[in-house]
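Q: Got a structure for you, questions after.
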Number of protein chains: 2
Amino acid sequence: MHKVLRELDVDLGERSYPIIIGQGLLGSFDLTPWVAGNQVMIVTNETVAPLYLEKARACFPGKTVDVVTLPDGEKYKDWQTLNLIFDGLLENRHTRKTTIAALGGGVVGDMAGFAAACYQRGVPFIQIPTTLLSQVDSSVGGKTGINHPLGKNMVGAFHQPQAVLIDTDSLATLPPREVSAGLAEVIKYGLIREEPFLGWLEQHIDELVRLEPAALGEAIYRSCLCKAEVVALDEKEGGLRAILNLGHTFGHAIETYAGYGNWLHGEAVGTGMLMAADLSVREGNITPADRDRAAELIRRARLPELAPEGMTEDDFMSLMAVDKKNVDGKLRLVLMKALGYAYVTDEAAPGNIQATLNAFIR
Amino acid sequence: MHKVLRELDVDLGERSYPIIIGQGLLGSFDLTPWVAGNQVMIVTNETVAPLYLEKARACFPGKTVDVVTLPDGEKYKDWQTLNLIFDGLLENRHTRKTTIAALGGGVVGDMAGFAAACYQRGVPFIQIPTTLLSQVDSSVGGKTGINHPLGKNMVGAFHQPQAVLIDTDSLATLPPREVSAGLAEVIKYGLIREEPFLGWLEQHIDELVRLEPAALGEAIYRSCLCKAEVVALDEKEGGLRAILNLGHTFGHAIETYAGYGNWLHGEAVGTGMLMAADLSVREGNITPADRDRAAELIRRARLPELAPEGMTEDDFMSLMAVDKKNVDGKLRLVLMKALGYAYVTDEAAPGNIQATLNAFIR
């Protein structure tokens, strides 16, 4: 049977919820204590369904469980695909007492969560993330949404889950590129807020790349804890929470340029964090040796270290101009004051930004 | 210049906002105290824009004002049209500090409000309702959303405005059918909660049909006050607020059957309220004389009194089964215990429901 390794609570007052981390949870862990009504709609995708759908069903004994299976990929994170969820809910006459369960990676979680935020103006949902990235990042924090041709995650809502169930066994079927993409976000927590965790990662990054369970459990727990702390301090992204976007402004530009799905989100964030580290050196905040420590971790996690072939400085500037962290037209970036201490600024010198962009284009 | 006739506050704690009712407000009332950033996006439609767009612009002195003009009609209350708002926001690089202003009727308000709820996971918005229906109903309460082919308002969010500006002069250009549709909701407030207001309406309904300003101002104020009180008591529709749906379960079925836009929402609600009154008689709550008082007001407001040609009992039952007020498969209806006292029940006798349906189909 299953084994719960770790459990933590995301403290958001009346919207607080637990994250349960363990092995063998899918198939036997009872999620019905977090289901208020009789109906459950599992939202998953074509890749995950054959692997884990029947096990996920078993987590809702006694409930009427329907399923919507989406096509797999970031390029389907759009309204047309989101509508498949609404179609399924309405065709199966799900009322506003239904619970939506997201079974899959970040795209499934974002879309199922947004569907839950909007269906009949809001119904409860449960996250069952099956990728490393979604386990350490998108399952915590309540951000949901879809992409728009002019920008990522431009349409969405804050909607907190009732519970998050993380089964580390589900990582066994994950392609190596996706493991690396997840590790980018794990490294991020070290860079923005947890210098000691960076040291732990330098000792264990190879075990993580090899998917060794003990290391994975610890990395997921420490990542969720870090994110949960930041989110609890700043649920709606008024201030502190913005540091979770380290590497994301550069990264979103890369993703948009490459076309959604060609670069994985975590890959783009990996390169974006290197760019942020580089700019932090130019701004006089951290040393070249600090930057190289970050670069070494990114490299050992097998993440890309340069922008996509052909992407120019102008491409970056134009794509970053629509980033939603900008305020009244000023480019807002997350940089590091030190390793393990990120901050938000809209005052990076344009010449330094230009120099960093030129150091990373090919 | 303008003249503020009435002002009331919708009390929702930190989401409280004012409703300003007056004559000549469009063109001269300064709304910038409710605009936090530099950008404003006015969302309007092709009918309203030629009449009031330039006057609405003048309410935002010193701000950068962009405009999205939607096609006019309930049938455009869908994702494709909603996306025009997101396109306009992104093309004009509106940041998360932008303010969206809805200039038009209920459809524009619902769509602009939902766009505001979702754009970058939520930006502020202001309502400038220009129809009687939207002034007395959809501008108060924070409900936003779009339709789905399988049901009205199935996708949406609760999102409160920063302020609501109601200019009674804008009713001068309203077609008579839309005046009647608005009066349906005005009458509703009397039926659900304000018996004295019913008496007032019996004295003034003809003045309202003729759009006499003094009567209009009073009716709008009393309607907003009633709705604001109900919403303040129950923001997220946990209980009391459901009484605002008097006539809506039957009405939504009619609208869906007729095809969105063929019957106006208020027209369908008018007939739906008569059906609810009829069922309330059959349930033994009110007298036939009470029902006839309601019917007389509906008639004097020039609203339809029977279901659409060709609509059957089966059509009603099937369309009402997906109503989002239902819980776990039980049909939930708003009925009257007495004139001026509505309640919610899922225990109306099936035989009585059937009899009411048969009394209103042709």
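If you're wondering about the labels, chains in the structure tokens are A, B, ... by order shown, residues count from 1 in each chain, ligands from 1 in order shown.
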Residues within 8 Å of range 29-40 of chain B, please, as a list in words. Count only C-alpha atoms; anything in the same chain fewer than 5 positions from it doesn't count.
A: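 Answer for this query is Asp328 of chain A; His2, Ala58, Cys59, Phe60, Pro61, Lys63, Thr64, Val65, Asp66, His94, Lys97, Thr98, Thr99, Ile100, Ala101, Ile126, Gln162 and Ala163 of chain B.
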Q: Those same residues - N, CA, C and O atoms - I'd like them written as a JSON list (two decimals), in the first residue's frame.
A:
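What follows is the written file result.json:
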[["chain", "number", "residue", "atom", "x", "y", "z"],
["A", 328, "ASP", "N", 3.10, 50.06, -15.84],
["A", 328, "ASP", "CA", 3.11, 51.33, -16.57],
["A", 328, "ASP", "C", 4.31, 51.46, -17.52],
["A", 328, "ASP", "O", 4.97, 52.50, -17.58],
["B", 2, "HIS", "N", -23.56, 68.01, -14.81],
["B", 2, "HIS", "CA", -24.31, 66.87, -14.32],
["B", 2, "HIS", "C", -24.93, 67.11, -12.95],
["B", 2, "HIS", "O", -24.62, 68.07, -12.27],
["B", 58, "ALA", "N", -14.56, 61.13, -21.79],
["B", 58, "ALA", "CA", -14.39, 62.37, -21.03],
["B", 58, "ALA", "C", -14.46, 62.16, -19.52],
["B", 58, "ALA", "O", -14.11, 63.05, -18.75],
["B", 59, "CYS", "N", -14.89, 60.98, -19.10],
["B", 59, "CYS", "CA", -14.93, 60.67, -17.67],
["B", 59, "CYS", "C", -13.56, 60.26, -17.12],
["B", 59, "CYS", "O", -13.41, 60.03, -15.92],
["B", 60, "PHE", "N", -12.57, 60.13, -18.01],
["B", 60, "PHE", "CA", -11.23, 59.68, -17.59],
["B", 60, "PHE", "C", -10.15, 60.68, -17.99],
["B", 60, "PHE", "O", -9.20, 60.32, -18.69],
["B", 61, "PRO", "N", -10.27, 61.94, -17.56],
["B", 61, "PRO", "CA", -9.29, 62.95, -17.97],
["B", 61, "PRO", "C", -7.87, 62.58, -17.54],
["B", 61, "PRO", "O", -7.67, 62.13, -16.40],
["B", 63, "LYS", "N", -5.98, 60.13, -18.50],
["B", 63, "LYS", "CA", -5.60, 58.73, -18.62],
["B", 63, "LYS", "C", -5.42, 58.35, -20.10],
["B", 63, "LYS", "O", -6.00, 58.98, -20.98],
["B", 64, "THR", "N", -4.63, 57.31, -20.33],
["B", 64, "THR", "CA", -4.53, 56.75, -21.67],
["B", 64, "THR", "C", -5.72, 55.83, -21.87],
["B", 64, "THR", "O", -5.83, 54.81, -21.20],
["B", 65, "VAL", "N", -6.64, 56.20, -22.76],
["B", 65, "VAL", "CA", -7.88, 55.44, -22.93],
["B", 65, "VAL", "C", -7.88, 54.71, -24.28],
["B", 65, "VAL", "O", -7.74, 55.34, -25.33],
["B", 66, "ASP", "N", -7.96, 53.39, -24.25],
["B", 66, "ASP", "CA", -8.15, 52.60, -25.47],
["B", 66, "ASP", "C", -9.57, 52.04, -25.46],
["B", 66, "ASP", "O", -10.25, 52.08, -24.43],
["B", 94, "HIS", "N", -1.63, 46.67, -22.32],
["B", 94, "HIS", "CA", -2.18, 47.01, -21.01],
["B", 94, "HIS", "C", -1.57, 46.08, -19.97],
["B", 94, "HIS", "O", -1.54, 44.87, -20.14],
["B", 97, "LYS", "N", -2.02, 46.81, -14.14],
["B", 97, "LYS", "CA", -2.51, 48.01, -13.43],
["B", 97, "LYS", "C", -3.60, 48.72, -14.24],
["B", 97, "LYS", "O", -4.05, 49.81, -13.87],
["B", 98, "THR", "N", -3.99, 48.15, -15.37],
["B", 98, "THR", "CA", -5.02, 48.78, -16.18],
["B", 98, "THR", "C", -6.38, 48.72, -15.49],
["B", 98, "THR", "O", -6.59, 47.92, -14.57],
["B", 99, "THR", "N", -7.29, 49.57, -15.91],
["B", 99, "THR", "CA", -8.69, 49.50, -15.46],
["B", 99, "THR", "C", -9.58, 49.29, -16.68],
["B", 99, "THR", "O", -9.43, 49.98, -17.69],
["B", 100, "ILE", "N", -10.48, 48.32, -16.59],
["B", 100, "ILE", "CA", -11.43, 48.07, -17.67],
["B", 100, "ILE", "C", -12.75, 48.74, -17.32],
["B", 100, "ILE", "O", -13.24, 48.59, -16.20],
["B", 101, "ALA", "N", -13.31, 49.51, -18.26],
["B", 101, "ALA", "CA", -14.59, 50.17, -18.04],
["B", 101, "ALA", "C", -15.62, 49.59, -19.00],
["B", 101, "ALA", "O", -15.40, 49.57, -20.21],
["B", 126, "ILE", "N", -14.73, 49.16, -13.90],
["B", 126, "ILE", "CA", -15.76, 50.15, -13.59],
["B", 126, "ILE", "C", -16.95, 49.86, -14.50],
["B", 126, "ILE", "O", -16.77, 49.55, -15.67],
["B", 162, "GLN", "N", -14.98, 48.69, -9.15],
["B", 162, "GLN", "CA", -14.50, 49.77, -8.27],
["B", 162, "GLN", "C", -15.61, 50.78, -8.03],
["B", 162, "GLN", "O", -15.65, 51.42, -6.98],
["B", 163, "ALA", "N", -16.46, 50.96, -9.05],
["B", 163, "ALA", "CA", -17.55, 51.93, -8.96],
["B", 163, "ALA", "C", -18.54, 51.64, -10.08],
["B", 163, "ALA", "O", -18.18, 51.03, -11.09]]
Q: Taking only C-alpha atoms into account and nothing else, which residues of chain B lie no more than 9 Å away from chain A? Please answer as a ChimeraX atom specification.
A: /B:37-39,79,83,86-87,90-91,93-98,115,117-122,143-145,148-151,153-158,321-329
Q: Which residues are close to Ala228 in chain A, i.e. within 8 Å by only C-alpha atoms, leaving aside same-chain residues fewer than 3 positions away? Reply as a ChimeraX atom specification.
A: /A:9-11,140-141,224-225,231-232
Q: Neighbouring residues of Ile192 in chain A were defined as those with any atom within 8 Å, considering only C-alpha atoms; residues of the same chain fewer than 5 positions away were excluded. Please report them as a VMD selection string.
A: chain A and resid 243 to 244 246 336 339 to 342
Q: Can you spit out the residues from that selection as a tab-separated table (two decimals), in the first residue's frame, using C-alpha atoms?
A:
chain	number	residue	atom	x	y	z
A	243	ILE	CA	10.62	36.62	-6.54
A	244	LEU	CA	9.23	33.23	-7.61
A	246	LEU	CA	13.30	34.58	-11.12
A	336	MET	CA	19.71	38.45	-7.04
A	339	LEU	CA	22.84	33.75	-3.87
A	340	GLY	CA	19.71	32.83	-1.93
A	341	TYR	CA	18.29	36.36	-1.89
A	342	ALA	CA	16.24	37.57	-4.84
Q: Enumerate the residues of range 67-141 of chain B with a DSSP assignment of strand (DSSP E or B), computed from the backbone, and present them as a PDB file with N, CA, C and O atoms, in the first residue's frame.
A:
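The result, written out as out.pdb:
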ATOM      1  N   VAL B  67     -10.002  51.540 -26.606  1.00  0.00           N
ATOM      2  CA  VAL B  67     -11.386  51.086 -26.732  1.00  0.00           C
ATOM      3  C   VAL B  67     -11.442  49.746 -27.471  1.00  0.00           C
ATOM      4  O   VAL B  67     -10.730  49.540 -28.454  1.00  0.00           O
ATOM      5  N   VAL B  68     -12.272  48.855 -26.984  1.00  0.00           N
ATOM      6  CA  VAL B  68     -12.647  47.649 -27.731  1.00  0.00           C
ATOM      7  C   VAL B  68     -14.152  47.723 -27.970  1.00  0.00           C
ATOM      8  O   VAL B  68     -14.924  47.864 -27.016  1.00  0.00           O
ATOM      9  N   THR B  69     -14.562  47.658 -29.218  1.00  0.00           N
ATOM     10  CA  THR B  69     -15.976  47.724 -29.569  1.00  0.00           C
ATOM     11  C   THR B  69     -16.439  46.345 -30.025  1.00  0.00           C
ATOM     12  O   THR B  69     -15.963  45.824 -31.029  1.00  0.00           O
ATOM     13  N   LEU B  70     -17.363  45.760 -29.267  1.00  0.00           N
ATOM     14  CA  LEU B  70     -17.845  44.406 -29.562  1.00  0.00           C
ATOM     15  C   LEU B  70     -19.086  44.474 -30.446  1.00  0.00           C
ATOM     16  O   LEU B  70     -19.783  45.492 -30.460  1.00  0.00           O
ATOM     17  N   THR B  99      -7.295  49.567 -15.913  1.00  0.00           N
ATOM     18  CA  THR B  99      -8.689  49.497 -15.461  1.00  0.00           C
ATOM     19  C   THR B  99      -9.581  49.287 -16.679  1.00  0.00           C
ATOM     20  O   THR B  99      -9.430  49.976 -17.686  1.00  0.00           O
ATOM     21  N   ILE B 100     -10.481  48.319 -16.591  1.00  0.00           N
ATOM     22  CA  ILE B 100     -11.429  48.070 -17.670  1.00  0.00           C
ATOM     23  C   ILE B 100     -12.749  48.743 -17.315  1.00  0.00           C
ATOM     24  O   ILE B 100     -13.244  48.592 -16.197  1.00  0.00           O
ATOM     25  N   ALA B 101     -13.306  49.508 -18.262  1.00  0.00           N
ATOM     26  CA  ALA B 101     -14.592  50.172 -18.039  1.00  0.00           C
ATOM     27  C   ALA B 101     -15.617  49.591 -18.997  1.00  0.00           C
ATOM     28  O   ALA B 101     -15.403  49.568 -20.210  1.00  0.00           O
ATOM     29  N   ALA B 102     -16.724  49.104 -18.446  1.00  0.00           N
ATOM     30  CA  ALA B 102     -17.797  48.522 -19.262  1.00  0.00           C
ATOM     31  C   ALA B 102     -18.819  49.601 -19.582  1.00  0.00           C
ATOM     32  O   ALA B 102     -19.443  50.142 -18.672  1.00  0.00           O
ATOM     33  N   LEU B 103     -18.996  49.909 -20.851  1.00  0.00           N
ATOM     34  CA  LEU B 103     -19.963  50.923 -21.288  1.00  0.00           C
ATOM     35  C   LEU B 103     -21.005  50.243 -22.159  1.00  0.00           C
ATOM     36  O   LEU B 103     -20.750  49.923 -23.319  1.00  0.00           O
ATOM     37  N   GLY B 104     -22.185  49.970 -21.590  1.00  0.00           N
ATOM     38  CA  GLY B 104     -23.224  49.307 -22.366  1.00  0.00           C
ATOM     39  C   GLY B 104     -24.188  48.580 -21.461  1.00  0.00           C
ATOM     40  O   GLY B 104     -24.306  48.898 -20.274  1.00  0.00           O
ATOM     41  N   TYR B 119      -8.082  38.817 -16.939  1.00  0.00           N
ATOM     42  CA  TYR B 119      -6.892  39.375 -17.598  1.00  0.00           C
ATOM     43  C   TYR B 119      -5.751  39.454 -16.593  1.00  0.00           C
ATOM     44  O   TYR B 119      -5.877  40.100 -15.550  1.00  0.00           O
ATOM     45  N   PHE B 125     -12.170  46.994 -12.479  1.00  0.00           N
ATOM     46  CA  PHE B 125     -13.061  47.483 -13.521  1.00  0.00           C
ATOM     47  C   PHE B 125     -14.147  48.393 -12.974  1.00  0.00           C
ATOM     48  O   PHE B 125     -14.391  48.460 -11.767  1.00  0.00           O
ATOM     49  N   ILE B 126     -14.732  49.155 -13.896  1.00  0.00           N
ATOM     50  CA  ILE B 126     -15.763  50.145 -13.587  1.00  0.00           C
ATOM     51  C   ILE B 126     -16.954  49.860 -14.495  1.00  0.00           C
ATOM     52  O   ILE B 126     -16.774  49.553 -15.667  1.00  0.00           O
ATOM     53  N   GLN B 127     -18.148  49.949 -13.943  1.00  0.00           N
ATOM     54  CA  GLN B 127     -19.355  49.702 -14.732  1.00  0.00           C
ATOM     55  C   GLN B 127     -20.037  51.017 -15.084  1.00  0.00           C
ATOM     56  O   GLN B 127     -20.294  51.841 -14.192  1.00  0.00           O
ATOM     57  N   ILE B 128     -20.338  51.200 -16.358  1.00  0.00           N
ATOM     58  CA  ILE B 128     -21.162  52.336 -16.796  1.00  0.00           C
ATOM     59  C   ILE B 128     -22.337  51.746 -17.573  1.00  0.00           C
ATOM     60  O   ILE B 128     -22.332  51.706 -18.808  1.00  0.00           O
ATOM     61  N   PRO B 129     -23.351  51.240 -16.857  1.00  0.00           N
ATOM     62  CA  PRO B 129     -24.465  50.561 -17.523  1.00  0.00           C
ATOM     63  C   PRO B 129     -25.376  51.568 -18.218  1.00  0.00           C
ATOM     64  O   PRO B 129     -25.722  52.597 -17.636  1.00  0.00           O
TER      65      PRO B 129
END
Q: Find the residue from A:Leu333, A:Ile85, A:Ala349, A:Gly270 that sits nearest to Gly284 in chain A; use only C-alpha atoms when measuring.
A: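 Once distances to Gly284 in chain A are computed over only C-alpha atoms, the minimum belongs to A:Ala349.
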Q: Rounded to one decimal, what separation in Å do you get between CA of Gly351 in chain A and CA of Gly259 in chain A?
A: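 Straight-line distance from CA of Gly351 in chain A to CA of Gly259 in chain A works out to 27.6 Å.
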Q: Applying 12 Å and only C-alpha atoms, which residues near Ala214 in chain B remain after dropping the ones on its own chain fewer than 5 positions away? List them as an NGL selection string.
A: :B and (5-6 or 21-23 or 168-169 or 204 or 207-208 or 219-221)
Q: Please provide as a PDB file with N, CA and C atoms, in the first residue's frame all residues within 9 Å of Glu313 in chain B, with the sequence filter that same-chain residues fewer than 3 positions apart are discarded (counting only C-alpha atoms).
A:
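Below is the file that was written, part.pdb:
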ATOM      1  N   PHE B 316     -38.909  22.382 -21.319  1.00  0.00           N
ATOM      2  CA  PHE B 316     -38.635  23.021 -20.027  1.00  0.00           C
ATOM      3  C   PHE B 316     -37.858  22.086 -19.103  1.00  0.00           C
ATOM      4  N   MET B 317     -38.345  20.860 -18.943  1.00  0.00           N
ATOM      5  CA  MET B 317     -37.728  19.950 -17.966  1.00  0.00           C
ATOM      6  C   MET B 317     -36.281  19.657 -18.335  1.00  0.00           C
ATOM      7  N   SER B 318     -36.041  19.450 -19.612  1.00  0.00           N
ATOM      8  CA  SER B 318     -34.694  19.118 -20.044  1.00  0.00           C
ATOM      9  C   SER B 318     -33.752  20.318 -19.874  1.00  0.00           C
ATOM     10  N   GLN B 354     -45.442  20.448 -13.179  1.00  0.00           N
ATOM     11  CA  GLN B 354     -46.032  20.032 -14.452  1.00  0.00           C
ATOM     12  C   GLN B 354     -47.261  20.882 -14.796  1.00  0.00           C
ATOM     13  N   LEU B 357     -46.144  24.359 -15.852  1.00  0.00           N
ATOM     14  CA  LEU B 357     -45.586  24.351 -17.214  1.00  0.00           C
ATOM     15  C   LEU B 357     -46.721  24.300 -18.231  1.00  0.00           C
ATOM     16  N   ASN B 358     -47.699  23.441 -17.972  1.00  0.00           N
ATOM     17  CA  ASN B 358     -48.801  23.291 -18.929  1.00  0.00           C
ATOM     18  C   ASN B 358     -49.696  24.527 -19.006  1.00  0.00           C
ATOM     19  N   ILE B 361     -47.365  26.927 -21.490  1.00  0.00           N
ATOM     20  CA  ILE B 361     -47.027  26.574 -22.873  1.00  0.00           C
ATOM     21  C   ILE B 361     -48.252  26.824 -23.746  1.00  0.00           C
TER      22      ILE B 361
END
Q: I'd like the neighbourhood of Glu309 in chain B as a list in words, where a residue qualifies if any of its atoms comes within 9 Å (using only C-alpha atoms), though same-chain residues fewer than 2 positions away should be ignored.
A: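 Close residues of Glu309 in chain B: Leu306, Ala307, Met311, Thr312, Ile361 and Arg362 of chain B.
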Q: DSSP says helix (DSSP H, G or I) for which residues of range 101-339 of chain A? Put them as a ChimeraX atom specification?
A: /A:106-118,132-138,168-173,176-193,195-209,213-233,240-245,248-258,265-282,288-300,313-320
Q: Check the smallest atom-to-atom distance from each of A:Asp346, A:Val136, A:Leu174, A:Lys77 to Glu218 in chain A using only C-alpha atoms, then report the winner.
A: A:Val136
Q: Would you work out the distance separating CA of Gly105 in chain B from CA of Pro196 in chain B, expressed in Å to one decimal?
A: 27.9 Å
Q: So, with only C-alpha atoms as the atoms that count, which of A:Thr81, A:Pro175, A:Pro350, A:Asp72 lies closest to Arg282 in chain A?
A: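 Once distances to Arg282 in chain A are computed over only C-alpha atoms, the minimum belongs to A:Pro350.
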Q: Could you jot down the CA of Leu274 in chain B to CA of Val230 in chain B separation for me, Å, one decimal place?
A: 21.8 Å
